[in-house]
Amino acid sequence: MPIIKIAGNDCFYTYEDLGHDDTIVFSNSLGTDLSMWDNVAQCLRKHLNILRYDTRGHGQSTISSDTVSISELGQDVIALLDHLKLGKVYFCGLSMGGLIGQWLGIHHPEHFKKIIIANTAAKIGAAEGWNTRIAQVKEHGLQSILDGTAQRWFTPAYRQEHPEAVRDVLEKFTQTSLQGYIACCAAVRDADFREELQKLRVPTLVISGSQDEVTTPADGEYLASGIPRSRHVQLAANHLSSVELPTEFAKNVLYAAKNEGDFYLEIYH
């Protein structure tokens, strides 16, 4: 599997050049890896080339420092695109990946046709909550927050009906590098795009989960109201909407990719 060095770290990625005109890049959430996009990617392979990567300190990508910023994680994406010599692409990121998408759209709009940011916010949570979580996992490990993570990520119905899928995601969560998880927790804690959303001029689709209490539909509406060329949709899911409803998620992504017009504020419930 391809691994390249970016900023002194191993970046693991998979690139499926399926002969299409357009490529979409998928960016994972905190505590997951590129496999979180498996089912969405399967739905899109007939239409788009698929580039997925493990964010620094996640999956098979390494991290060589105890701290990292969203801007550094965004620069990793630009370096990967440059390495593969890709032109303008579509970008889709969830939660932490959505923060990366906001940074990319603000600072490197020339690389992107459209951006999809899912289950995210201009600012996710409060510093106190992130600091508490960092202290918890430093002392007791990722296993100690497993139950809370399951409840934040999946609706009760999904946990009951798809226990094996939930177990697979949570197993990968516990395998995440503790150093990487803590560094990225701090990156999410410190990211705040509330004053910069108007600078995000790339047409943007915002996806929220109607039952997501981490990044709420109100957070999605705030993003869509601040991003000039945007549209907001809600899926009947919790925080990992791409895992709970991959087909519906993929349909919205494909509509975003194939609709030639710009997005304007249009709230769907």
# chains A, B, ... in the order shown; residues from 1 in each chain; ligands from 1
>>> select_by_dssp(residues="stretch 69-245 of chain A", states="alpha helix (DSSP H)", output="number ranges by chain")
A: 70-83, 96-107, 127-140, 146-153, 156-161, 163-174, 178-190, 217-226, 241-244
>>> select_by_dssp(residues="stretch 1-190 of chain A", states="strand (DSSP E)", output="PyMOL selection string")
chain A and resi 3-6+9-16+23-27+49-53+89-94+112-118
>>> residues_around(residues="A:Ile115", least_positions_apart="5", cutoff="9 Å", atoms="only C-alpha atoms", output="PyMOL selection string")
chain A and resi 89-93+101-102+104-105+202-206+256-257
>>> closest_atom_pairs(of="stretch 12-67 of chain A", to="stretch 242-248 of chain A", cutoff="8 Å", atoms="only C-alpha atoms", output="CSV")
residue,atom,partner,partner_atom,distance
A:Met36,CA,A:Val243,CA,6.5
A:Trp37,CA,A:Ser242,CA,7.0
A:Asn39,CA,A:Pro246,CA,5.8
A:Val40,CA,A:Pro246,CA,4.9
A:Cys43,CA,A:Thr247,CA,6.6
>>> residues_around(residues="A:Tyr15", least_positions_apart="6", cutoff="8 Å", atoms="only C-alpha atoms", output="PyMOL selection string")
chain A and resi 49-52
>>> residues_around(residues="stretch 68-83 of chain A", least_positions_apart="5", cutoff="9 Å", atoms="only C-alpha atoms", output="list in words")
Ile4, Ile6, Ala7, Cys11, Tyr13, Val25, Ser27, Tyr53, Thr55, Arg56, Ile63, Val89, Met96, Leu99, Ile100, Gly101, Trp103, Leu104, His108, His111, Gly180, Ala183, Cys184, Ala186, Ala187, Val188, Asp190 and Ala191 of chain A
>>> atom_distance(atom1="atom CA of A:Ala165", atom2="atom CA of A:Ser35")
11.4 Å
>>> atom_distance(atom1="atom CA of A:Val137", atom2="atom CA of A:Asp66")
14.1 Å
>>> closest_residue(among="A:His232, A:His239, A:Arg159, A:His107", to="A:Thr216", atoms="only C-alpha atoms")
A:His239
>>> residues_around(residues="A:Ser210", least_positions_apart="2", cutoff="8 Å", atoms="only C-alpha atoms", output="list in words")
Ser208, Asp212, Thr216, Pro217, Gln234, Leu235, Ala236, Ala237 and Asn238 of chain A
>>> closest_residue(among="A:Leu18, A:Leu86, A:Ile117, A:Leu200", to="A:Ile227", atoms="only C-alpha atoms")
A:Leu200
>>> residues_around(residues="stretch 149-155 of chain A", least_positions_apart="3", cutoff="10 Å", atoms="only C-alpha atoms", output="tab-separated table (two decimals) with C-alpha atoms, in the first residue's frame")
chain	number	residue	atom	x	y	z
A	31	GLY	CA	-10.19	8.25	16.18
A	142	LEU	CA	-8.65	5.03	24.76
A	143	GLN	CA	-10.49	1.97	26.08
A	144	SER	CA	-11.74	4.10	28.96
A	145	ILE	CA	-13.90	6.28	26.68
A	146	LEU	CA	-15.16	3.50	24.43
A	158	TYR	CA	-27.91	1.53	14.57
A	159	ARG	CA	-26.00	0.10	17.54
A	160	GLN	CA	-28.76	-2.48	18.01
A	162	HIS	CA	-25.53	-3.34	13.26
A	166	VAL	CA	-20.08	-0.74	15.41
A	167	ARG	CA	-17.61	-3.22	16.88
A	169	VAL	CA	-15.25	0.90	14.08
A	170	LEU	CA	-14.64	0.85	17.83
A	173	PHE	CA	-10.65	3.43	17.55
A	211	GLN	CA	-29.39	13.12	16.04
A	212	ASP	CA	-25.81	14.35	16.34
A	213	GLU	CA	-25.24	15.99	19.74
A	214	VAL	CA	-21.52	16.57	19.10
A	215	THR	CA	-21.82	18.73	15.99
A	236	ALA	CA	-31.29	10.90	10.10
A	237	ALA	CA	-28.06	9.81	11.77
A	238	ASN	CA	-25.72	10.46	14.67
A	239	HIS	CA	-22.11	11.72	14.41
A	240	LEU	CA	-20.73	9.13	11.96
A	241	SER	CA	-23.43	9.73	9.36
A	243	VAL	CA	-21.14	4.97	8.40
A	244	GLU	CA	-24.79	4.88	9.47
>>> closest_residue(among="A:Ser95, A:Gln42, A:Gln179, A:Asn252", to="A:Ile134", atoms="only C-alpha atoms")
A:Gln179
